[in-house]
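**Student:** One structure, as structure tokens, below. Some questions next.
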Amino acid sequence: MRFSLIPREMKFFDLFDEVTAVLTRAAGKFLDMLTNFENLAARGIDIKKDEEDCDAIIERMLKALDRTFITPLDREDIHTLATTMDDIMDNLEETAHRFEVFRIDKPTRAAIQLARIIKDCNDHLEQAVKQLRNMNKPEEIHHHILEVSRLENEADQLYREVDAALFDAPQTDILMLIKWRELYAWLEETVDSCKDVANTLSEIVIKGA
């Protein structure tokens, strides 16, 4: 009986790996979009496709959760991890969409820095999730969780600086101020969603210790 359940248990780790691979890929595309600010419509469509792929994997995961009696992690943790990962992708796609439709001339250095932080966060989350299969090495997962926390703090400080700078500088174009304030807010929200996933992973590790 035990051996018949193993494939059903392990498929959740496979699905988590699929999601993080999509997130890392999309975050890389977004960073490239801001670094090489051209062909925005095509790039936006590409990231939207990643968002649809992510949705499909999450849907498979949640359906599997409903059908599976024994799960490798708490059912609530699987659900929370899946939905918070989905939040990253949703926020990332929405941010990319706004950069496309807001018709700005080019991204600021701070925006590119935040995009790079988003990419780095997802790199660490991908590595942390891969380690969930082996809870005998929680320190490796904690390392990546701490890095996401450090990056989130860096992004928060950067966001506060640029938000204040928007109002400190002489501003003749109020519409542009509104656009940039919203873009920065979406960038920070995307980083925050990465931190939410890291927090969920931390709780899972604590329970498994």
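So you can find residues: chains in the structure tokens are A, B, ... in the order shown, residues in each start at 1, and ligands are numbered from 1 in order.
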Excluding same-chain residues fewer than 2 positions from region 123-134 of chain A, what lies within 10 Å of it counting only C-alpha atoms, as a PyMOL selection string?
**Tutor:** chain A and resi 10+12-14+16-25+27-28+72-73+81+85+117-121+136-148+194-195+197-198+201-202+204-205+208
**Student:** Could those residues be written to a file, using N, CA and C atoms, as a short mmCIF file (atom, residue, chain, number, x, y, z; two decimals), in the first residue's frame?
**Tutor:**
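Saved file result20.cif follows:
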```cif
data_model
loop_
_atom_site.label_atom_id
_atom_site.label_comp_id
_atom_site.auth_asym_id
_atom_site.auth_seq_id
_atom_site.Cartn_x
_atom_site.Cartn_y
_atom_site.Cartn_z
N MET A 10 4.81 12.32 -4.60
CA MET A 10 5.93 13.02 -5.21
C MET A 10 5.50 13.96 -6.33
N PHE A 12 3.49 16.31 -6.34
CA PHE A 12 3.36 17.69 -5.90
C PHE A 12 4.70 18.42 -5.99
N PHE A 13 5.78 17.75 -5.65
CA PHE A 13 7.10 18.36 -5.79
C PHE A 13 7.42 18.62 -7.26
N ASP A 14 7.03 17.70 -8.13
CA ASP A 14 7.24 17.91 -9.56
C ASP A 14 6.48 19.14 -10.05
N PHE A 16 5.46 21.72 -8.21
CA PHE A 16 6.09 22.92 -7.65
C PHE A 16 7.32 23.30 -8.47
N ASP A 17 8.10 22.31 -8.87
CA ASP A 17 9.28 22.59 -9.69
C ASP A 17 8.89 23.20 -11.03
N GLU A 18 7.79 22.71 -11.60
CA GLU A 18 7.31 23.27 -12.87
C GLU A 18 6.93 24.74 -12.71
N VAL A 19 6.23 25.05 -11.62
CA VAL A 19 5.81 26.43 -11.39
C VAL A 19 7.01 27.35 -11.23
N THR A 20 7.97 26.96 -10.40
CA THR A 20 9.12 27.83 -10.16
C THR A 20 9.96 28.00 -11.42
N ALA A 21 9.99 26.98 -12.27
CA ALA A 21 10.73 27.11 -13.53
C ALA A 21 10.06 28.16 -14.42
N VAL A 22 8.74 28.17 -14.44
CA VAL A 22 8.01 29.18 -15.22
C VAL A 22 8.24 30.56 -14.63
N LEU A 23 8.20 30.67 -13.30
CA LEU A 23 8.40 31.96 -12.65
C LEU A 23 9.79 32.52 -12.94
N THR A 24 10.79 31.68 -12.84
CA THR A 24 12.16 32.13 -13.12
C THR A 24 12.31 32.56 -14.56
N ARG A 25 11.72 31.78 -15.46
CA ARG A 25 11.77 32.13 -16.89
C ARG A 25 11.08 33.47 -17.15
N ALA A 27 10.47 35.90 -15.00
CA ALA A 27 11.21 36.99 -14.35
C ALA A 27 12.42 37.40 -15.18
N GLY A 28 13.06 36.42 -15.81
CA GLY A 28 14.18 36.72 -16.69
C GLY A 28 13.73 37.51 -17.92
N PRO A 72 2.48 14.90 0.69
CA PRO A 72 3.81 14.97 1.32
C PRO A 72 3.95 16.13 2.30
N LEU A 73 3.10 17.15 2.14
CA LEU A 73 3.09 18.31 3.04
C LEU A 73 1.65 18.51 3.50
N LEU A 81 1.13 27.56 -0.72
CA LEU A 81 2.32 27.69 -1.57
C LEU A 81 1.91 27.87 -3.03
N MET A 85 2.56 31.42 -5.06
CA MET A 85 3.34 31.37 -6.30
C MET A 85 2.56 31.99 -7.45
N ILE A 117 15.98 42.48 -8.88
CA ILE A 117 15.67 41.90 -7.56
C ILE A 117 14.59 40.83 -7.71
N ILE A 118 13.58 41.12 -8.53
CA ILE A 118 12.52 40.13 -8.78
C ILE A 118 13.11 38.86 -9.37
N LYS A 119 14.00 39.02 -10.33
CA LYS A 119 14.65 37.84 -10.95
C LYS A 119 15.46 37.08 -9.91
N ASP A 120 16.24 37.78 -9.10
CA ASP A 120 17.07 37.12 -8.09
C ASP A 120 16.21 36.40 -7.05
N CYS A 121 15.11 37.02 -6.65
CA CYS A 121 14.20 36.38 -5.70
C CYS A 121 13.68 35.06 -6.25
N ASN A 136 16.00 16.86 5.05
CA ASN A 136 17.13 16.58 5.95
C ASN A 136 18.17 17.69 5.91
N LYS A 137 18.02 18.61 4.93
CA LYS A 137 18.96 19.73 4.82
C LYS A 137 18.20 21.06 4.85
N PRO A 138 17.54 21.34 5.98
CA PRO A 138 16.74 22.57 6.05
C PRO A 138 17.58 23.84 5.95
N GLU A 139 18.88 23.71 6.31
CA GLU A 139 19.74 24.90 6.26
C GLU A 139 19.89 25.43 4.83
N GLU A 140 19.83 24.54 3.85
CA GLU A 140 19.95 24.98 2.46
C GLU A 140 18.71 25.77 2.04
N ILE A 141 17.55 25.31 2.49
CA ILE A 141 16.32 26.05 2.19
C ILE A 141 16.33 27.39 2.91
N HIS A 142 16.76 27.38 4.17
CA HIS A 142 16.82 28.63 4.94
C HIS A 142 17.73 29.65 4.30
N HIS A 143 18.82 29.19 3.71
CA HIS A 143 19.75 30.11 3.05
C HIS A 143 19.02 30.90 1.96
N HIS A 144 18.26 30.21 1.14
CA HIS A 144 17.55 30.88 0.04
C HIS A 144 16.41 31.75 0.58
N ILE A 145 15.76 31.31 1.65
CA ILE A 145 14.71 32.12 2.27
C ILE A 145 15.29 33.43 2.80
N LEU A 146 16.43 33.34 3.45
CA LEU A 146 17.07 34.54 3.99
C LEU A 146 17.51 35.49 2.87
N GLU A 147 17.94 34.94 1.76
CA GLU A 147 18.33 35.78 0.63
C GLU A 147 17.13 36.52 0.06
N VAL A 148 15.99 35.85 -0.01
CA VAL A 148 14.77 36.52 -0.48
C VAL A 148 14.40 37.64 0.48
N CYS A 194 6.99 37.58 -3.66
CA CYS A 194 8.10 36.63 -3.53
C CYS A 194 8.38 36.36 -2.05
N LYS A 195 8.34 37.41 -1.25
CA LYS A 195 8.55 37.26 0.20
C LYS A 195 7.45 36.39 0.81
N VAL A 197 5.93 33.89 -0.58
CA VAL A 197 6.29 32.49 -0.86
C VAL A 197 7.41 32.03 0.07
N ALA A 198 8.40 32.89 0.28
CA ALA A 198 9.51 32.55 1.18
C ALA A 198 8.99 32.29 2.60
N LEU A 201 7.41 28.90 2.70
CA LEU A 201 8.44 27.87 2.73
C LEU A 201 9.06 27.75 4.12
N SER A 202 9.27 28.88 4.77
CA SER A 202 9.83 28.87 6.12
C SER A 202 8.93 28.11 7.09
N ILE A 204 6.81 25.76 6.31
CA ILE A 204 6.87 24.34 5.96
C ILE A 204 8.11 23.68 6.55
N VAL A 205 9.25 24.37 6.48
CA VAL A 205 10.50 23.82 7.00
C VAL A 205 10.41 23.67 8.52
N GLY A 208 8.48 20.69 9.37
CA GLY A 208 9.16 19.45 9.02
C GLY A 208 10.41 19.18 9.83
#
```
**Student:** Residues within 10 Å of Phe37 (chain A), please, as a list of chain:residue names. Count only C-alpha atoms; anything in the same chain fewer than 5 positions from it doesn't count.
**Tutor:**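 Near Phe37 (chain A), the qualifying residues are A:Leu31, A:Asp32, A:Arg43, A:Phe99, A:Glu100, A:Ile104, A:Asp105, A:Lys106, A:Pro107.
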**Student:** List every residue of region 19-186 of chain A that DSSP, applied to the backbone of this structure, assigns to helix (DSSP H, G or I), and report them as a PDB file with C-alpha atoms, in the first residue's frame.
**Tutor:**
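New file selection-v1.pdb:
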```pdb
ATOM      1  CA  VAL A  19       5.808  26.428 -11.392  1.00  0.00           C
ATOM      2  CA  THR A  20       9.117  27.835 -10.160  1.00  0.00           C
ATOM      3  CA  ALA A  21      10.726  27.108 -13.532  1.00  0.00           C
ATOM      4  CA  VAL A  22       8.012  29.175 -15.221  1.00  0.00           C
ATOM      5  CA  LEU A  23       8.398  31.962 -12.654  1.00  0.00           C
ATOM      6  CA  THR A  24      12.158  32.126 -13.116  1.00  0.00           C
ATOM      7  CA  ARG A  25      11.770  32.133 -16.886  1.00  0.00           C
ATOM      8  CA  ALA A  26       9.160  34.907 -16.785  1.00  0.00           C
ATOM      9  CA  ALA A  27      11.206  36.990 -14.349  1.00  0.00           C
ATOM     10  CA  GLY A  28      14.179  36.724 -16.693  1.00  0.00           C
ATOM     11  CA  LYS A  29      12.046  37.867 -19.615  1.00  0.00           C
ATOM     12  CA  PHE A  30      10.757  40.795 -17.583  1.00  0.00           C
ATOM     13  CA  LEU A  31      14.272  41.892 -16.625  1.00  0.00           C
ATOM     14  CA  ASP A  32      15.299  41.662 -20.277  1.00  0.00           C
ATOM     15  CA  MET A  33      12.205  43.653 -21.247  1.00  0.00           C
ATOM     16  CA  LEU A  34      13.238  46.536 -19.008  1.00  0.00           C
ATOM     17  CA  THR A  35      16.936  46.279 -19.866  1.00  0.00           C
ATOM     18  CA  LEU A  40       7.072  45.632 -25.710  1.00  0.00           C
ATOM     19  CA  ALA A  41       3.864  44.206 -27.165  1.00  0.00           C
ATOM     20  CA  ALA A  42       5.563  40.969 -28.237  1.00  0.00           C
ATOM     21  CA  ARG A  43       7.381  40.699 -24.922  1.00  0.00           C
ATOM     22  CA  GLY A  44       4.143  41.276 -23.062  1.00  0.00           C
ATOM     23  CA  ILE A  45       2.437  38.492 -25.034  1.00  0.00           C
ATOM     24  CA  ASP A  46       5.339  36.182 -24.205  1.00  0.00           C
ATOM     25  CA  ILE A  47       5.066  36.883 -20.473  1.00  0.00           C
ATOM     26  CA  LYS A  48       1.278  36.501 -20.687  1.00  0.00           C
ATOM     27  CA  LYS A  49       1.853  33.014 -22.115  1.00  0.00           C
ATOM     28  CA  ASP A  50       3.999  32.205 -19.072  1.00  0.00           C
ATOM     29  CA  GLU A  51       1.174  33.432 -16.855  1.00  0.00           C
ATOM     30  CA  GLU A  52      -1.256  31.101 -18.630  1.00  0.00           C
ATOM     31  CA  ASP A  53       1.191  28.197 -18.280  1.00  0.00           C
ATOM     32  CA  CYS A  54       1.525  28.944 -14.576  1.00  0.00           C
ATOM     33  CA  ASP A  55      -2.255  29.036 -14.152  1.00  0.00           C
ATOM     34  CA  ALA A  56      -2.560  25.651 -15.853  1.00  0.00           C
ATOM     35  CA  ILE A  57       0.024  24.046 -13.558  1.00  0.00           C
ATOM     36  CA  ILE A  58      -1.577  25.560 -10.460  1.00  0.00           C
ATOM     37  CA  GLU A  59      -4.961  24.246 -11.587  1.00  0.00           C
ATOM     38  CA  ARG A  60      -3.502  20.749 -12.013  1.00  0.00           C
ATOM     39  CA  MET A  61      -1.975  21.002  -8.561  1.00  0.00           C
ATOM     40  CA  LEU A  62      -5.192  22.071  -6.837  1.00  0.00           C
ATOM     41  CA  LYS A  63      -7.184  19.366  -8.621  1.00  0.00           C
ATOM     42  CA  ALA A  64      -4.598  16.793  -7.544  1.00  0.00           C
ATOM     43  CA  LEU A  65      -4.860  18.101  -4.002  1.00  0.00           C
ATOM     44  CA  ASP A  66      -8.620  17.446  -4.009  1.00  0.00           C
ATOM     45  CA  ARG A  67      -8.094  13.897  -5.255  1.00  0.00           C
ATOM     46  CA  ARG A  75      -2.760  20.220   2.567  1.00  0.00           C
ATOM     47  CA  GLU A  76      -3.082  23.824   3.704  1.00  0.00           C
ATOM     48  CA  ASP A  77       0.613  24.436   3.064  1.00  0.00           C
ATOM     49  CA  ILE A  78       0.362  23.011  -0.453  1.00  0.00           C
ATOM     50  CA  HIS A  79      -2.615  25.224  -1.180  1.00  0.00           C
ATOM     51  CA  THR A  80      -0.942  28.334   0.273  1.00  0.00           C
ATOM     52  CA  LEU A  81       2.319  27.695  -1.568  1.00  0.00           C
ATOM     53  CA  ALA A  82       0.459  27.211  -4.846  1.00  0.00           C
ATOM     54  CA  THR A  83      -1.636  30.368  -4.504  1.00  0.00           C
ATOM     55  CA  THR A  84       1.244  32.576  -3.364  1.00  0.00           C
ATOM     56  CA  MET A  85       3.345  31.369  -6.295  1.00  0.00           C
ATOM     57  CA  ASP A  86       0.425  32.242  -8.552  1.00  0.00           C
ATOM     58  CA  ASP A  87       0.406  35.730  -7.020  1.00  0.00           C
ATOM     59  CA  ILE A  88       4.020  36.260  -8.137  1.00  0.00           C
ATOM     60  CA  MET A  89       3.140  35.423 -11.718  1.00  0.00           C
ATOM     61  CA  ASP A  90      -0.025  37.517 -11.703  1.00  0.00           C
ATOM     62  CA  ASN A  91       1.806  40.546 -10.313  1.00  0.00           C
ATOM     63  CA  LEU A  92       4.712  40.109 -12.703  1.00  0.00           C
ATOM     64  CA  GLU A  93       2.438  39.876 -15.747  1.00  0.00           C
ATOM     65  CA  GLU A  94       0.402  42.873 -14.629  1.00  0.00           C
ATOM     66  CA  THR A  95       3.564  44.916 -14.087  1.00  0.00           C
ATOM     67  CA  ALA A  96       4.858  44.023 -17.549  1.00  0.00           C
ATOM     68  CA  HIS A  97       1.486  44.986 -19.016  1.00  0.00           C
ATOM     69  CA  ARG A  98       1.619  48.400 -17.377  1.00  0.00           C
ATOM     70  CA  PHE A  99       5.108  49.086 -18.706  1.00  0.00           C
ATOM     71  CA  GLU A 100       3.733  48.314 -22.158  1.00  0.00           C
ATOM     72  CA  VAL A 101       0.568  50.445 -22.040  1.00  0.00           C
ATOM     73  CA  ARG A 109      17.658  52.768 -13.250  1.00  0.00           C
ATOM     74  CA  ALA A 110      15.624  52.042 -10.104  1.00  0.00           C
ATOM     75  CA  ALA A 111      12.980  50.162 -12.111  1.00  0.00           C
ATOM     76  CA  ILE A 112      15.663  47.971 -13.661  1.00  0.00           C
ATOM     77  CA  GLN A 113      17.163  47.372 -10.213  1.00  0.00           C
ATOM     78  CA  LEU A 114      13.773  46.243  -8.925  1.00  0.00           C
ATOM     79  CA  ALA A 115      13.317  43.964 -11.942  1.00  0.00           C
ATOM     80  CA  ARG A 116      16.707  42.422 -11.191  1.00  0.00           C
ATOM     81  CA  ILE A 117      15.666  41.896  -7.565  1.00  0.00           C
ATOM     82  CA  ILE A 118      12.518  40.129  -8.775  1.00  0.00           C
ATOM     83  CA  LYS A 119      14.649  37.844 -10.946  1.00  0.00           C
ATOM     84  CA  ASP A 120      17.071  37.119  -8.086  1.00  0.00           C
ATOM     85  CA  CYS A 121      14.199  36.379  -5.700  1.00  0.00           C
ATOM     86  CA  ASN A 122      12.734  33.845  -8.101  1.00  0.00           C
ATOM     87  CA  ASP A 123      16.124  32.212  -8.614  1.00  0.00           C
ATOM     88  CA  HIS A 124      16.362  31.653  -4.855  1.00  0.00           C
ATOM     89  CA  LEU A 125      12.771  30.443  -4.584  1.00  0.00           C
ATOM     90  CA  GLU A 126      13.363  27.919  -7.353  1.00  0.00           C
ATOM     91  CA  GLN A 127      16.365  26.509  -5.508  1.00  0.00           C
ATOM     92  CA  ALA A 128      14.527  26.458  -2.177  1.00  0.00           C
ATOM     93  CA  VAL A 129      11.557  24.613  -3.642  1.00  0.00           C
ATOM     94  CA  LYS A 130      13.843  21.993  -5.182  1.00  0.00           C
ATOM     95  CA  GLN A 131      15.168  21.275  -1.681  1.00  0.00           C
ATOM     96  CA  LEU A 132      11.692  20.495  -0.312  1.00  0.00           C
ATOM     97  CA  ARG A 133      12.166  16.918  -1.437  1.00  0.00           C
ATOM     98  CA  PRO A 138      16.737  22.574   6.045  1.00  0.00           C
ATOM     99  CA  GLU A 139      19.735  24.904   6.264  1.00  0.00           C
ATOM    100  CA  GLU A 140      19.945  24.979   2.461  1.00  0.00           C
ATOM    101  CA  ILE A 141      16.316  26.045   2.189  1.00  0.00           C
ATOM    102  CA  HIS A 142      16.816  28.628   4.945  1.00  0.00           C
ATOM    103  CA  HIS A 143      19.751  30.109   3.045  1.00  0.00           C
ATOM    104  CA  HIS A 144      17.546  30.880   0.045  1.00  0.00           C
ATOM    105  CA  ILE A 145      14.710  32.120   2.269  1.00  0.00           C
ATOM    106  CA  LEU A 146      17.074  34.545   3.986  1.00  0.00           C
ATOM    107  CA  GLU A 147      18.331  35.779   0.631  1.00  0.00           C
ATOM    108  CA  VAL A 148      14.774  36.524  -0.484  1.00  0.00           C
ATOM    109  CA  SER A 149      14.217  38.402   2.773  1.00  0.00           C
ATOM    110  CA  ARG A 150      17.399  40.403   2.221  1.00  0.00           C
ATOM    111  CA  LEU A 151      16.374  41.245  -1.336  1.00  0.00           C
ATOM    112  CA  GLU A 152      12.887  42.261  -0.198  1.00  0.00           C
ATOM    113  CA  ASN A 153      14.412  44.652   2.342  1.00  0.00           C
ATOM    114  CA  GLU A 154      16.626  46.079  -0.391  1.00  0.00           C
ATOM    115  CA  ALA A 155      13.611  46.558  -2.655  1.00  0.00           C
ATOM    116  CA  ASP A 156      11.608  48.177   0.137  1.00  0.00           C
ATOM    117  CA  GLN A 157      14.362  50.693   0.816  1.00  0.00           C
ATOM    118  CA  LEU A 158      14.724  51.439  -2.888  1.00  0.00           C
ATOM    119  CA  TYR A 159      10.976  51.874  -3.286  1.00  0.00           C
ATOM    120  CA  ARG A 160      10.833  54.370  -0.428  1.00  0.00           C
ATOM    121  CA  GLU A 161      13.678  56.367  -1.940  1.00  0.00           C
ATOM    122  CA  VAL A 162      12.181  56.580  -5.421  1.00  0.00           C
ATOM    123  CA  ASP A 163       8.698  57.271  -4.102  1.00  0.00           C
ATOM    124  CA  ALA A 164      10.019  60.201  -2.083  1.00  0.00           C
ATOM    125  CA  ALA A 165      12.098  61.409  -5.028  1.00  0.00           C
ATOM    126  CA  LEU A 166       9.008  61.620  -7.223  1.00  0.00           C
ATOM    127  CA  PHE A 167       7.659  64.365  -4.973  1.00  0.00           C
ATOM    128  CA  ASP A 168      10.976  66.049  -4.221  1.00  0.00           C
ATOM    129  CA  ILE A 174       1.648  65.126 -13.281  1.00  0.00           C
ATOM    130  CA  LEU A 175       0.478  62.255 -15.470  1.00  0.00           C
ATOM    131  CA  MET A 176       4.019  60.899 -15.676  1.00  0.00           C
ATOM    132  CA  LEU A 177       4.347  61.147 -11.899  1.00  0.00           C
ATOM    133  CA  ILE A 178       1.162  59.090 -11.510  1.00  0.00           C
ATOM    134  CA  LYS A 179       2.401  56.509 -14.009  1.00  0.00           C
ATOM    135  CA  TRP A 180       5.758  56.051 -12.290  1.00  0.00           C
ATOM    136  CA  ARG A 181       4.226  55.903  -8.839  1.00  0.00           C
ATOM    137  CA  GLU A 182       1.986  53.060  -9.985  1.00  0.00           C
ATOM    138  CA  LEU A 183       4.813  51.257 -11.788  1.00  0.00           C
ATOM    139  CA  TYR A 184       7.037  51.381  -8.725  1.00  0.00           C
ATOM    140  CA  ALA A 185       4.150  50.157  -6.568  1.00  0.00           C
ATOM    141  CA  TRP A 186       3.598  47.153  -8.859  1.00  0.00           C
TER     142      TRP A 186
END
```
